[in-house]
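Undergrad: Here you go, one structure.
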Amino acid sequence: MGDWLKDAISATVDKVSAQARRGGDFPHITEHGKWVFTSDGVWTGGFWVGLLWLGYELRKTDELREAATRLTERLLPRAADKVNHDLGFMFYPSAVKGWRITGNKRYLHAAVEAAHSLASQFNPAGGFIPGWGFFGSEDWSGSVLIDTLMNLPLLVWATNNGADAQLLDVVHRHARTALANHQRPDGSVYHVFRFDPANGNPISGDTYQGLAAASAWSRGQGWALAGFSMLADMTGSPDYLAAAQRVAGYVRNHLPEDGVPPWDYAAERGAVKDSSAGAITAYGLIRLWELTGDAEHLVLATRMLEALYRTCMGDSDIAPVLVHATADLPHGLGIDESTIYGDYYFLKALVALQEVESRQYGTTLSRVEQA
Ligand code: GLY
């Protein structure tokens, strides 16, 4: 295993442990380098809990287990939230992971309930789960975010763990809608696609956090790549696999020499970076390599992760983990800061790479774990 990989995992778990010792609510994004915390976990609480469980698996310390348990418990009531397309992000890294580690049935039941709450938002006329309902005074109930793909693995998992089998139909209908509308001929994806919520008719591609409707918001490319890869793995669909490969081709052709995505692939040279896009994309590439055995995916993922380690790690003894992330540039939020989702997928990808390397050296036969 590369020394940098061992060092990166160790430094990341040090930072997560240091933050766990400080206690408190759910870290979300930073402002001026300091975490902004949320009391209910908004859409990102699952990532922090996921980091705590991942850290616990690696270190087995009481402080990490206690913090993971305390915050998993605090997320459980959110399972009933029926106006939230991010319940997969909220419940897979936290409750599903916590259930696997502890066997606590309350976590299992909450994750299954969250899956039903997510599926209840499905619009059958359009074949999609909308990104938002009302946002300010505007109706966004016909707006479908590429990010939502990442939430569908919760539904697939739930159908294997006591949920209604209909949830699988929601997965395929939403994913096929994204395939038909979000993905463009060059393999990149729209951040948002708008539909008429009443009859489901497609209207046009759009963006919320990207540079322009037709540009390629870099984190959105990462969500699409990782989302389609996981769904291909979980459902066996060759269409999702092909979609993930097309996104990977786009990223390969547009990633700058330094290996860290700009906040939008169409942004001008020297624009701020989004390290979170790098982490999510690298994780998706490892998942894609698992499915295809195509070495170029693993080589690119390794290059991206090493670039994040060498150029985007924050100061050694201070959380957060990655700097140079951009949450939402058009709305002036978290520009060149840190995000809890970037940190989560960084550790997730590092651990996945470590598992792959161990397997290649013959020390384990385990598969890389789902999100
Ligand atoms: N899912 C929202 C974001 O990536 O900012």
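Labels used: A, B, ... for chains in the order of the structure tokens, numbers from 1 for residues in each chain, and numbers from 1 for ligands as shown.
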Could you please extract the residues within 7 Å of ligand 1, counting only C-alpha atoms and all ligand atoms, and hand them back as number ranges by chain?
TA: A: 147, 219-220, 327-328
Undergrad: Excluding Thr235 in chain A and its own-chain neighbours fewer than 5 positions away, which residues fall within 10 Å of it when counting only C-alpha atoms? Please give them as JSON, numbers by chain.
TA: {"A": [153, 156, 168, 171, 172, 230, 240]}
Undergrad: Next, the residues of the selection above should be written as a PDB file, in the first residue's frame with all heavy atoms.
TA:
```
ATOM      1  N   PRO A 153     -29.696   4.143  -3.708  1.00  0.00           N
ATOM      2  CA  PRO A 153     -29.228   2.896  -3.089  1.00  0.00           C
ATOM      3  C   PRO A 153     -29.952   2.554  -1.786  1.00  0.00           C
ATOM      4  O   PRO A 153     -30.134   1.376  -1.467  1.00  0.00           O
ATOM      5  CB  PRO A 153     -27.723   3.156  -2.867  1.00  0.00           C
ATOM      6  CG  PRO A 153     -27.357   4.042  -4.017  1.00  0.00           C
ATOM      7  CD  PRO A 153     -28.556   4.973  -4.142  1.00  0.00           C
ATOM      8  N   VAL A 156     -32.913   0.488  -2.804  1.00  0.00           N
ATOM      9  CA  VAL A 156     -32.572  -0.883  -3.219  1.00  0.00           C
ATOM     10  C   VAL A 156     -32.253  -1.717  -1.972  1.00  0.00           C
ATOM     11  O   VAL A 156     -32.749  -2.835  -1.815  1.00  0.00           O
ATOM     12  CB  VAL A 156     -31.368  -0.898  -4.189  1.00  0.00           C
ATOM     13  CG1 VAL A 156     -31.137  -2.313  -4.702  1.00  0.00           C
ATOM     14  CG2 VAL A 156     -31.570   0.057  -5.359  1.00  0.00           C
ATOM     15  N   LEU A 168     -38.364  -0.664  -5.611  1.00  0.00           N
ATOM     16  CA  LEU A 168     -37.421  -0.934  -6.696  1.00  0.00           C
ATOM     17  C   LEU A 168     -37.918  -0.327  -8.007  1.00  0.00           C
ATOM     18  O   LEU A 168     -37.119   0.128  -8.843  1.00  0.00           O
ATOM     19  CB  LEU A 168     -37.244  -2.453  -6.840  1.00  0.00           C
ATOM     20  CG  LEU A 168     -35.947  -2.939  -7.454  1.00  0.00           C
ATOM     21  CD1 LEU A 168     -34.728  -2.334  -6.782  1.00  0.00           C
ATOM     22  CD2 LEU A 168     -35.888  -4.465  -7.380  1.00  0.00           C
ATOM     23  N   VAL A 171     -36.915   3.224  -8.021  1.00  0.00           N
ATOM     24  CA  VAL A 171     -35.486   3.349  -8.360  1.00  0.00           C
ATOM     25  C   VAL A 171     -35.306   3.351  -9.869  1.00  0.00           C
ATOM     26  O   VAL A 171     -34.671   4.245 -10.444  1.00  0.00           O
ATOM     27  CB  VAL A 171     -34.677   2.173  -7.747  1.00  0.00           C
ATOM     28  CG1 VAL A 171     -33.251   2.148  -8.289  1.00  0.00           C
ATOM     29  CG2 VAL A 171     -34.674   2.262  -6.229  1.00  0.00           C
ATOM     30  N   HIS A 172     -35.873   2.333 -10.528  1.00  0.00           N
ATOM     31  CA  HIS A 172     -35.646   2.207 -11.975  1.00  0.00           C
ATOM     32  C   HIS A 172     -36.319   3.331 -12.744  1.00  0.00           C
ATOM     33  O   HIS A 172     -35.760   3.843 -13.715  1.00  0.00           O
ATOM     34  CB  HIS A 172     -36.120   0.841 -12.472  1.00  0.00           C
ATOM     35  CG  HIS A 172     -35.201  -0.261 -12.034  1.00  0.00           C
ATOM     36  ND1 HIS A 172     -33.864  -0.303 -12.384  1.00  0.00           N
ATOM     37  CD2 HIS A 172     -35.422  -1.358 -11.257  1.00  0.00           C
ATOM     38  CE1 HIS A 172     -33.301  -1.382 -11.857  1.00  0.00           C
ATOM     39  NE2 HIS A 172     -34.228  -2.032 -11.160  1.00  0.00           N
ATOM     40  N   MET A 230     -23.101   2.794  -8.370  1.00  0.00           N
ATOM     41  CA  MET A 230     -23.680   2.017  -7.259  1.00  0.00           C
ATOM     42  C   MET A 230     -24.964   1.321  -7.698  1.00  0.00           C
ATOM     43  O   MET A 230     -25.208   0.164  -7.347  1.00  0.00           O
ATOM     44  CB  MET A 230     -23.959   2.936  -6.071  1.00  0.00           C
ATOM     45  CG  MET A 230     -22.695   3.334  -5.349  1.00  0.00           C
ATOM     46  SD  MET A 230     -23.052   4.108  -3.772  1.00  0.00           S
ATOM     47  CE  MET A 230     -23.567   5.718  -4.296  1.00  0.00           C
ATOM     48  N   TYR A 240     -27.120   1.553 -16.547  1.00  0.00           N
ATOM     49  CA  TYR A 240     -26.536   2.441 -15.537  1.00  0.00           C
ATOM     50  C   TYR A 240     -25.009   2.357 -15.600  1.00  0.00           C
ATOM     51  O   TYR A 240     -24.308   3.353 -15.419  1.00  0.00           O
ATOM     52  CB  TYR A 240     -27.028   2.100 -14.127  1.00  0.00           C
ATOM     53  CG  TYR A 240     -28.533   2.019 -13.987  1.00  0.00           C
ATOM     54  CD1 TYR A 240     -29.131   1.276 -12.973  1.00  0.00           C
ATOM     55  CD2 TYR A 240     -29.373   2.690 -14.873  1.00  0.00           C
ATOM     56  CE1 TYR A 240     -30.507   1.194 -12.840  1.00  0.00           C
ATOM     57  CE2 TYR A 240     -30.759   2.601 -14.752  1.00  0.00           C
ATOM     58  CZ  TYR A 240     -31.313   1.847 -13.743  1.00  0.00           C
ATOM     59  OH  TYR A 240     -32.679   1.755 -13.625  1.00  0.00           O
TER      60      TYR A 240
END
```
Undergrad: Neighbouring residues of range 116-123 of chain A were defined as those with any atom within 7 Å, considering only C-alpha atoms; residues of the same chain fewer than 2 positions away were excluded. Please report them as a PyMOL selection string.
TA: chain A and resi 79-82+84-85+87+112-114+125-129+167+170
Undergrad: Enumerate as a list of chain:residue names all residues of range 8-82 of chain A assigned to strand (DSSP E) by DSSP on the backbone, naming them with the chain letters and numbers the document uses.
TA: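 Taking range 8-82 of chain A and keeping strand (DSSP E) only, one gets A:Phe26, A:Pro27, A:His28, A:Ile29, A:Thr30, A:Glu31, A:Lys34, A:Trp35, A:Val36, A:Phe37, A:Thr38.
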Undergrad: Would you put the residues from that selection into a file with C-alpha atoms, as a PDB file, in the first residue's frame?
TA:
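Wrote it out as part.pdb, contents follow:
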```pdb
ATOM      1  CA  PHE A  26     -23.640  18.080  13.007  1.00  0.00           C
ATOM      2  CA  PRO A  27     -20.826  19.831  11.066  1.00  0.00           C
ATOM      3  CA  HIS A  28     -22.171  20.996   7.683  1.00  0.00           C
ATOM      4  CA  ILE A  29     -19.857  23.366   5.752  1.00  0.00           C
ATOM      5  CA  THR A  30     -17.260  25.835   6.959  1.00  0.00           C
ATOM      6  CA  GLU A  31     -17.294  29.628   7.004  1.00  0.00           C
ATOM      7  CA  LYS A  34     -14.731  27.014  10.968  1.00  0.00           C
ATOM      8  CA  TRP A  35     -17.553  24.488  10.919  1.00  0.00           C
ATOM      9  CA  VAL A  36     -21.114  25.703  10.765  1.00  0.00           C
ATOM     10  CA  PHE A  37     -23.144  23.182  12.787  1.00  0.00           C
ATOM     11  CA  THR A  38     -26.778  22.181  12.366  1.00  0.00           C
TER      12      THR A  38
END
```
Undergrad: Restricting the calculation to only C-alpha atoms: of A:Leu211, A:Val299, A:Leu255, A:Ile9, which residue gets closest to Arg59 in chain A?
TA: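 Smallest separation from Arg59 in chain A among the options: A:Ile9.
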Undergrad: Considering only C-alpha atoms, return as a PyMOL selection string whatever protein or nucleic-acid residues lie within 8 Å of range 64-70 of chain A, sequence-local ones (same chain, fewer than 3 positions apart) excluded.
TA: chain A and resi 17+20+23+49-50+52-53+55-56+60-61+73-74+94+98
Undergrad: Closest to His174 in chain A among A:Leu155, A:Val356, A:Leu149, A:Ile101, using only C-alpha atoms?
TA: A:Leu149
Undergrad: Could you tell me which of A:Ile335, A:Leu329, A:Ala163, A:Val272 comes closest to His32 in chain A if we count only C-alpha atoms?
TA: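 Nearest to His32 in chain A: A:Ile335.
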Undergrad: Identify which of the residues A:Asp294, A:Asp164, A:Asp315, A:Glu357 lies closest to Asp14 in chain A, counting only C-alpha atoms when measuring atom-to-atom distances.
TA: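 Closest to Asp14 in chain A, using only C-alpha atoms: A:Asp315.
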Undergrad: Among range 124-311 of chain A, which residues does DSSP mark as alpha helix (DSSP H) when it is run on the backbone? Keep the chain and numbering as in the structure and answer as a VMD selection string.
TA: chain A and resid 152 to 159 166 to 181 218 to 235 238 to 254 275 to 292 295 to 311
Undergrad: Just give me the gap between CA of Ala226 in chain A and CA of Tyr283 in chain A in Å, one decimal is fine.
TA: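 Calculated distance between CA of Ala226 in chain A and CA of Tyr283 in chain A is 6.6 Å.
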Undergrad: Quick check, in Å to one decimal: how far apart do CA of Asp25 in chain A and CA of Ser39 in chain A lie?
TA: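 Separating CA of Asp25 in chain A from CA of Ser39 in chain A is a distance of 5.4 Å.
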Undergrad: Show me, as a list of chain:residue names, the residues that have an atom within 8 Å of range 178-181 of chain A when counting only C-alpha atoms, minus same-chain residues fewer than 4 positions from it.
TA: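 Counting only C-alpha atoms, the residues come to A:Ile146, A:His174, A:Phe193, A:Pro202, A:Gly205, A:Tyr240, A:Ala243.
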Undergrad: Can you spit out the residues from that selection as an mmCIF file, in the first residue's frame, using all heavy atoms?
TA:
```cif
data_model
loop_
_atom_site.group_PDB
_atom_site.id
_atom_site.type_symbol
_atom_site.label_atom_id
_atom_site.label_comp_id
_atom_site.auth_asym_id
_atom_site.auth_seq_id
_atom_site.Cartn_x
_atom_site.Cartn_y
_atom_site.Cartn_z
ATOM 1 N N ILE A 146 -29.583 15.905 -10.195
ATOM 2 C CA ILE A 146 -28.760 14.722 -10.472
ATOM 3 C C ILE A 146 -28.324 14.071 -9.155
ATOM 4 O O ILE A 146 -28.165 12.846 -9.078
ATOM 5 C CB ILE A 146 -27.549 15.084 -11.376
ATOM 6 C CG1 ILE A 146 -26.952 13.819 -11.994
ATOM 7 C CG2 ILE A 146 -26.493 15.895 -10.657
ATOM 8 C CD1 ILE A 146 -27.842 13.088 -12.965
ATOM 9 N N HIS A 174 -36.946 6.428 -11.704
ATOM 10 C CA HIS A 174 -36.192 7.676 -11.519
ATOM 11 C C HIS A 174 -34.871 7.616 -12.294
ATOM 12 O O HIS A 174 -34.499 8.566 -12.989
ATOM 13 C CB HIS A 174 -35.917 7.945 -10.033
ATOM 14 C CG HIS A 174 -35.184 9.233 -9.815
ATOM 15 N ND1 HIS A 174 -35.786 10.386 -9.344
ATOM 16 C CD2 HIS A 174 -33.888 9.586 -10.066
ATOM 17 C CE1 HIS A 174 -34.905 11.363 -9.304
ATOM 18 N NE2 HIS A 174 -33.729 10.900 -9.733
ATOM 19 N N PHE A 193 -32.892 19.043 -14.092
ATOM 20 C CA PHE A 193 -33.758 19.009 -15.271
ATOM 21 C C PHE A 193 -35.166 19.325 -14.793
ATOM 22 O O PHE A 193 -35.623 18.799 -13.783
ATOM 23 C CB PHE A 193 -33.703 17.654 -15.990
ATOM 24 C CG PHE A 193 -34.106 17.766 -17.429
ATOM 25 C CD1 PHE A 193 -33.142 17.900 -18.431
ATOM 26 C CD2 PHE A 193 -35.451 17.803 -17.787
ATOM 27 C CE1 PHE A 193 -33.510 18.053 -19.761
ATOM 28 C CE2 PHE A 193 -35.822 17.965 -19.113
ATOM 29 C CZ PHE A 193 -34.857 18.083 -20.110
ATOM 30 N N PRO A 202 -41.105 16.731 -20.001
ATOM 31 C CA PRO A 202 -39.804 17.383 -19.835
ATOM 32 C C PRO A 202 -39.830 18.810 -20.371
ATOM 33 O O PRO A 202 -40.467 19.069 -21.396
ATOM 34 C CB PRO A 202 -38.846 16.516 -20.656
ATOM 35 C CG PRO A 202 -39.659 15.495 -21.356
ATOM 36 C CD PRO A 202 -41.081 15.597 -20.924
ATOM 37 N N GLY A 205 -33.065 21.405 -19.453
ATOM 38 C CA GLY A 205 -31.963 21.288 -18.510
ATOM 39 C C GLY A 205 -31.743 22.622 -17.820
ATOM 40 O O GLY A 205 -32.052 23.679 -18.379
ATOM 41 N N TYR A 240 -27.120 1.553 -16.547
ATOM 42 C CA TYR A 240 -26.536 2.441 -15.537
ATOM 43 C C TYR A 240 -25.009 2.357 -15.600
ATOM 44 O O TYR A 240 -24.308 3.353 -15.419
ATOM 45 C CB TYR A 240 -27.028 2.100 -14.127
ATOM 46 C CG TYR A 240 -28.533 2.019 -13.987
ATOM 47 C CD1 TYR A 240 -29.131 1.276 -12.973
ATOM 48 C CD2 TYR A 240 -29.373 2.690 -14.873
ATOM 49 C CE1 TYR A 240 -30.507 1.194 -12.840
ATOM 50 C CE2 TYR A 240 -30.759 2.601 -14.752
ATOM 51 C CZ TYR A 240 -31.313 1.847 -13.743
ATOM 52 O OH TYR A 240 -32.679 1.755 -13.625
ATOM 53 N N ALA A 243 -23.901 4.444 -18.435
ATOM 54 C CA ALA A 243 -24.020 5.872 -18.095
ATOM 55 C C ALA A 243 -22.842 6.312 -17.229
ATOM 56 O O ALA A 243 -22.256 7.388 -17.441
ATOM 57 C CB ALA A 243 -25.344 6.127 -17.380
#
```
Undergrad: For the atom pair CA of Ala267 in chain A and CA of Gly334 in chain A, what is the interatomic distance in Å to one decimal place?
TA: 16.8 Å
Undergrad: Choose the residue, out of A:Val189, A:Leu322, A:Leu350, A:Leu76, that has the smallest atom-to-atom separation from Leu305 in chain A; count only C-alpha atoms.
TA: A:Leu350
